[in-house]
Each structure stands twice: as C-alpha cells, then as structure tokens.
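These notes are about the structure you will find just below.
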Amino acid sequence: MCGIAGIWKFDGSPVDPLKVQQMTATLSHRGPDAMGWYTEGHVGLGHTRLAIIDLIDASNQPFHSADGRYVLSYNGEVFNYVELRDELVALGVQFRTHGDTEVVLAAYIQWGEDCVQRFNGMWAFAIHDQVQDKLFCSRDRFGIKPFVYAIHEGCFVFASEAKAMLAIFPELRVPNYDVISYCVRQSLAAGLENTCFAGILRLLPSHCLRVTADGVSKSKFWDYPTHVDRSIDKSTATRKIAELLDDAVRIRMRSDVTIGLTLSSGVDSTAIARLMRNHSPETMRAFTSCYESEYRSEVTTASETAKALNFEFSPVLCTARDFNQRLRQIVRHVESPHSSPAMMALWEIMKFAAPGTKVMLEGQGADELFAGYPTIYFGYAARQALRQGRLGLFFQQLWGAWRTNKEHPIFGSHYFFSGLLRACVPGAHKLIRRFGRGDESVYIGPLKNVPDYLPDFDRRVDDILNRKLKHSHQVDLVELLHYGDAISMAHSIESRMPFMDFRLIEYVFQLPAEFKFINGKAKQILREALVGIVPQPILDNQKKLGFVTPISEWLRKHPAEIIEAILLTPQCEARGIFDMAKVRQIVDKHLSGRRDYGALIFRWLTTEIWFQEFIDTPATQAADRALDSTVVSR
C-alpha cells in the first residue's frame, strides 16, 4: 500500500526531477517507510512505500526489471501473488525479492496487459516500457485504490491523490461545479470519471490506460456477470460462498506486519474475525467505535466476539471535540464533499490503531453484494418475484420488509414507502429530493444546474435485484471505498476487504434474487453460509447498525462551534452556491428538533470546507521538506 505519481511529457523534453519529488512528497502519509523516484528523459515516476510484505529495501519502488527495460510504480496488494509467483517460476522467471511488487512487474513482462485478468486484489499502477516508450496504467476491478490524472501543459500527469498534481500545477485548483452540484444532491462523486477539479480526471474501476507519443487510450478489462445461473441449488451456493469467503480472508492475511480488524456487532465483520482466527494463532487487534452517550453502541456484542476469539479489543471513543479540525483533515484527504458522518468514526479508529497496526481487515462490500439494506433492496426483490409470476413470494417480500422497516431502531414505516417508490418509479430519487428532503431550492448560482450523472441500470442483467446490486456496487460502494482508502492511508494503514474478492463477487452475482433477500430478511444466503461460523444470535439479528455517528445530536449541542463557524459565515454566503436564507430555515428546523437534517447539513459543511481547503487556500507544498535518507533515486 503506497502512493504513486508520475509525469509524461508529450514533446519529448526531459522531466524535471524536482517536479516528481514535489508530487511524491505530498503523498508521504500513504507511504512513510521509503520514498523514491525515477526520471528518464520525458518520463518520471515517484513512489512512497508503506512496507507490508517483504520489508527489505530491495522491494522499494520505483521497481526496475533485471534488464532495466521496465520500471513500476505500484500501489496496492495483489493477494494471490504467491500462486502467481509459483506459476512464473515454472515458466523460468527468476526473482530477486519475495513480495508482490516484483510479481506484478514479472506478470506484465510475461503476459502483457492481460496480466491484470490474473490479479486478485486492489491496485493502481504505472509501468514504463523504455523500449516501446509506453506507459501502461491500470486500476483494480472495483476502484479500491485511487488513480487520478490530468492532461495539462503538454503533460500527462497522474497520482494517487489530486493534491500531488496541485503541488506542481496549482492552476488546476478550479471547481468542477457540475460534479459538486451532483455531489451535494446525490452524495456521490468517487464513481465519476470527472472529479471536483475541472481539469482532473479519474481512471475508472476495471480500466487500463496507455500513454504513448500518439496520446492516451483507455479500455475496460472486466465486468460483472449478467445472467443468473438457476441450475445452482441453494445448498451448493451456501457451501461455495463459505469456501470463497474463507479463502478470501486467508490470502488477505498475507502480511509481514501486525493485522487488525474493524469490528461491529454485525454478520460481516464477525464472520471475518472468526475466519481470521481460524487462519492465525497470532495476536490480533479489534477496534469498534463508541460514543459518550452510548448512542446505538455496538461495543457490547463486539467485545464479546473479540474476547471469545482472543483479540485485543479497543473501543474507540468518538466525540464532537475538535469537530472542525477533524472534519477539515478528513476533507483534505478525501478531496471532495461527502455526506457520510461515519467518516468521523473511521478517522478516530484509524488514528487510534495507527501506532501499532499497519493492516486492517474490514467487512466493507457485503451489503452491496448480498442485498444487506432492507430499506433499499426489498422493492427490487419483490419486483423480481412479480416478474416471475410468483405472487405468493411477491407479497411475502413486501410483508417481511414492512415488518423489518417498522421495527428497526433507525428506520421506520416511512422508509418502506420511500424504498418501494424508488424501486418502482423511474426517477423517484429526484421526486424524493425535491418534495421529501426539501433541499433542492437551497442550491443557487453554479449549483443550480442539476447534472444527471447517475448511470442507468444495466438491462443486460436478467435479475432485477442483481441490476440494483450492480448499480450499488458501481456507484454507492465506490464512494465508501474511496473515503475508506483516503482515511486509512491518511494514517498509513492498509485496509483489506475480503468481501471485495472478485471470485466471490462473480459467483454471488450469478445467484437469483430469492437467495439473497427473502421475506424482508437481508443477506439470507450469506447468513446460511455462515451457520456454525457466526453465532446464531448475530445471524438472526436484522437490526445491525454499523459505524453510525450521532451527527444530529452533535449539531444540536454545538451549533455555534460547528454550523455557525463553518456554514453560516459571510465567506460561505459570498461563494454564491447556497441560498443562505433557506439554509438557515433548514438549520433552525433541525436545531429545534422539528426535523432531522443532520446528514444534509453535514453534506453542506464538507462542501464549504472543500472550497476553503482547495480553492481559497493554495495547494499544499511539501516538496521542500527534508527527505528521508533512505530515498532511492535514479
């Protein structure tokens, strides 16, 4: 897990090594263990290393092939590198190191661009072939690792984070108001090719990119299955899911440093904890967020799980103290506005864990794979049953979902009707935003335009629920993966997610809707697969909360320190993007307790902070700091 950066000059003139060093230095938090760069004529690559596997200096990057022809700057982990290494050795390849970095480069040399089809993991990398004078770049199937780029002043320039490019091209600090407008309405930005910066693009998940003297070209190397295999019976599916998840955990425990786990009271992280213990007797750490008011706390169940498995357990307190400073740090790393207050809890966990933990396993990705949100997916499951003419199943799905929503501690009966509307009425999200949420009239000036970036459902997918799950995987989940990577890497921690194993994802997307969501019960096939692994009370619990944050309570208790200090200011009003009179009306309703607008206000807070950090203030210049004596340069 690392930071990458690079420059390609199309006119063939030499790259200034200082520019590569400036970019690389801004990414030191992503890789504090070593820093290096490579410049050769019109190409420059930079790298910061977080040493996880094969800790020796020989594995530092940029990494050169034995003959010097190829140079790699790589961020991520290819977890099946052991198996790939054995395959390459059988083909006569000789290795100088024992980590995955050399395996990635050797796989490219052996199999060309098709090598990415063999990788199981998360990655963003660039390989320079000096003979063909080509830069080959790739991003993993699901966008776990970031890759942003720009074509500017005759250069192709890329990095793990936009701030690296802003360090050498500060003129790129120009807002893309269409993306920001979309972001404040939909809470989504990370799945878009365009970023919040007008001149900076994002390499999309499952894509490769090539740079030559002729320009830049891109292609897609992977996609989700589109057809349900109805020959698979449920008992076979439960066994296969258990096997795939177990192996996904096994290979993600390959590490030469301490491993930890973010643990809640739910099925996903509990399953990972138990499978981790099956694969290792080593001391491991588990972390759970908690709050002063015991706000929807999961500490009790999580601590019982940790104790049963002999994990070192740490409840991490998250409070409103230093809210502004913490949120400012988060936005600085996420590099976009955001709607999820859960970022606050994750920040505190990673900050607490960082002194003794370099790798963290997480349960991210299970909900978007197994239909884990009853309020979102029940309508699509019911529609699928109706499409098949199974009226009994149709009414069972609706009745079960009604009971689940009505009894949930956060949701309620109104979520049932909202979810049904979204599932059955095209464009319902726009109606809900305009007439239900009440914020549409807030956006003025450059945010008045309402871009519709949201991709349509893939009609090739022949199961309605799977269509929605694919959409969630490509849109909503990518947003969670983005801020998860940004926050973990801000604290020099590598986050690994077994539910993002592509073998598991390909298999589960071939299963029918009724395997995943039945009678209002989410993730049914996963729960059945984990019988005997996860305690039955956890499997039976349909009210899992996750890393929720009491943002509404904090805003009501500290309006002057948070809302007035950030949002209700002359600086924000002068920006001309919010109707401040209407903002104040919504804030007043929230503070009085008449409505809960906590998540919406949080979104506006992060938007204003983004402008302050990236537009009002010059980009961070970190290149002149003293570099570590272990820097590798060429």
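Ordering of the structure tokens sets the chain letters (A, B, ...); residue numbers start at 1 within each chain; ligands are numbered from 1 in the order shown.
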Nearby residues (only C-alpha atoms) at most 10 Å from segment 522-524 of chain A, same-chain spacing under 3 positions excluded, as a list in words: Thr238, Val267, Asp268, Ala366, Asp367, Glu368, Leu369, Phe370, Ala371, Gly372, Tyr373, Pro374, Thr375, Tyr377, Phe378, Ala401, Thr404, Glu514, Phe515, Lys516, Phe517, Ile518, Asn519, Arg527, Glu528, Ala529, Leu539, Asp540 and Gln542 of chain A
Ser492 of chain A surroundings by only C-alpha atoms, 12 Å radius, close-in-sequence under 6 positions cut, as a PyMOL selection string: chain A and resi 1-3+27-33+48-52+347+350-360+485-486
Selected residue of minimal separation from Leu530 of chain A among A:Val583, A:Ile444, A:Ala271, A:Ile330, counting only C-alpha atoms: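 The answer is A:Ala271, which sits nearest to Leu530 of chain A.
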Separation of atom CA of Asp476 of chain A from atom CA of Ser219 of chain A in Å: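 Distance between the two atoms: 22.6 Å.
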Best match for closeness to Cys196 of chain A among A:Ser280, A:Thr226, A:Asn324, A:Asn176, counting only C-alpha atoms: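 Distance minimum relative to Cys196 of chain A lands on A:Asn176.
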Which of A:Met497, A:Ala345, A:Ile4, A:Met23 sits closest to Ala167 of chain A [using only C-alpha atoms]: A:Met23
Counting only C-alpha atoms, the option among A:Arg503, A:Arg594, A:Lys521, A:Lys134 closest to Gln117 of chain A: A:Arg503
Non-local contacts of Leu105 of chain A (12 Å; only C-alpha atoms; under 5 positions in same chain excluded) as a PyMOL selection string: chain A and resi 59+61-66+68-74+78+81+84-85+88+93+95+97+99-100+110-113+115-116+119+125-129+136-137
Contact residues around Thr300 of chain A with only C-alpha atoms at 12 Å, ignoring same-chain residues under 4 positions, as a count of residues only: 16
Filtered DSSP result for segment 502-593 of chain A, state helix (DSSP H, G or I), as a PyMOL selection string: chain A and resi 502-508+513-516+524-529+536-540+551-557+560-566+570-575+580-592
Test item, strand (DSSP E) assignment across segment 276-451 of chain A, answer as a list in words: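 Filtering segment 276-451 of chain A down to strand (DSSP E) leaves Arg285, Ala286, Phe287, Thr288, Ser289, Cys290, Glu312, Phe313, Ser314, Pro315, Val316, Leu317, Val359, Met360 and Leu361 of chain A.
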Leu203 of chain A surroundings by only C-alpha atoms, 9 Å radius, close-in-sequence under 6 positions cut, as number ranges by chain: A: 138-139, 143, 146-149, 193, 209, 218
The selected residues should be written to file as an mmCIF file, in the first residue's frame (atoms: C-alpha atoms).
data_model
loop_
_atom_site.group_PDB
_atom_site.id
_atom_site.type_symbol
_atom_site.label_atom_id
_atom_site.label_comp_id
_atom_site.auth_asym_id
_atom_site.auth_seq_id
_atom_site.Cartn_x
_atom_site.Cartn_y
_atom_site.Cartn_z
ATOM 1 C CA SER A 138 -4.256 0.059 -14.525
ATOM 2 C CA ARG A 139 -6.821 0.300 -11.725
ATOM 3 C CA GLY A 143 -11.847 1.053 -7.641
ATOM 4 C CA PRO A 146 -7.309 5.581 -6.469
ATOM 5 C CA PHE A 147 -5.821 6.834 -9.727
ATOM 6 C CA VAL A 148 -6.369 10.442 -10.855
ATOM 7 C CA TYR A 149 -4.773 12.179 -13.816
ATOM 8 C CA GLU A 193 -14.777 9.965 -14.333
ATOM 9 C CA LEU A 209 -4.811 3.321 -19.713
ATOM 10 C CA LYS A 218 -8.291 3.532 -22.329
#
Nearest candidate to Gly445 of chain A (options A:Asp178, A:Ala189, A:Met253, A:Leu504; using only C-alpha atoms):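 Comparing A:Asp178, A:Ala189, A:Met253, A:Leu504 against Gly445 of chain A, the winner is A:Asp178.
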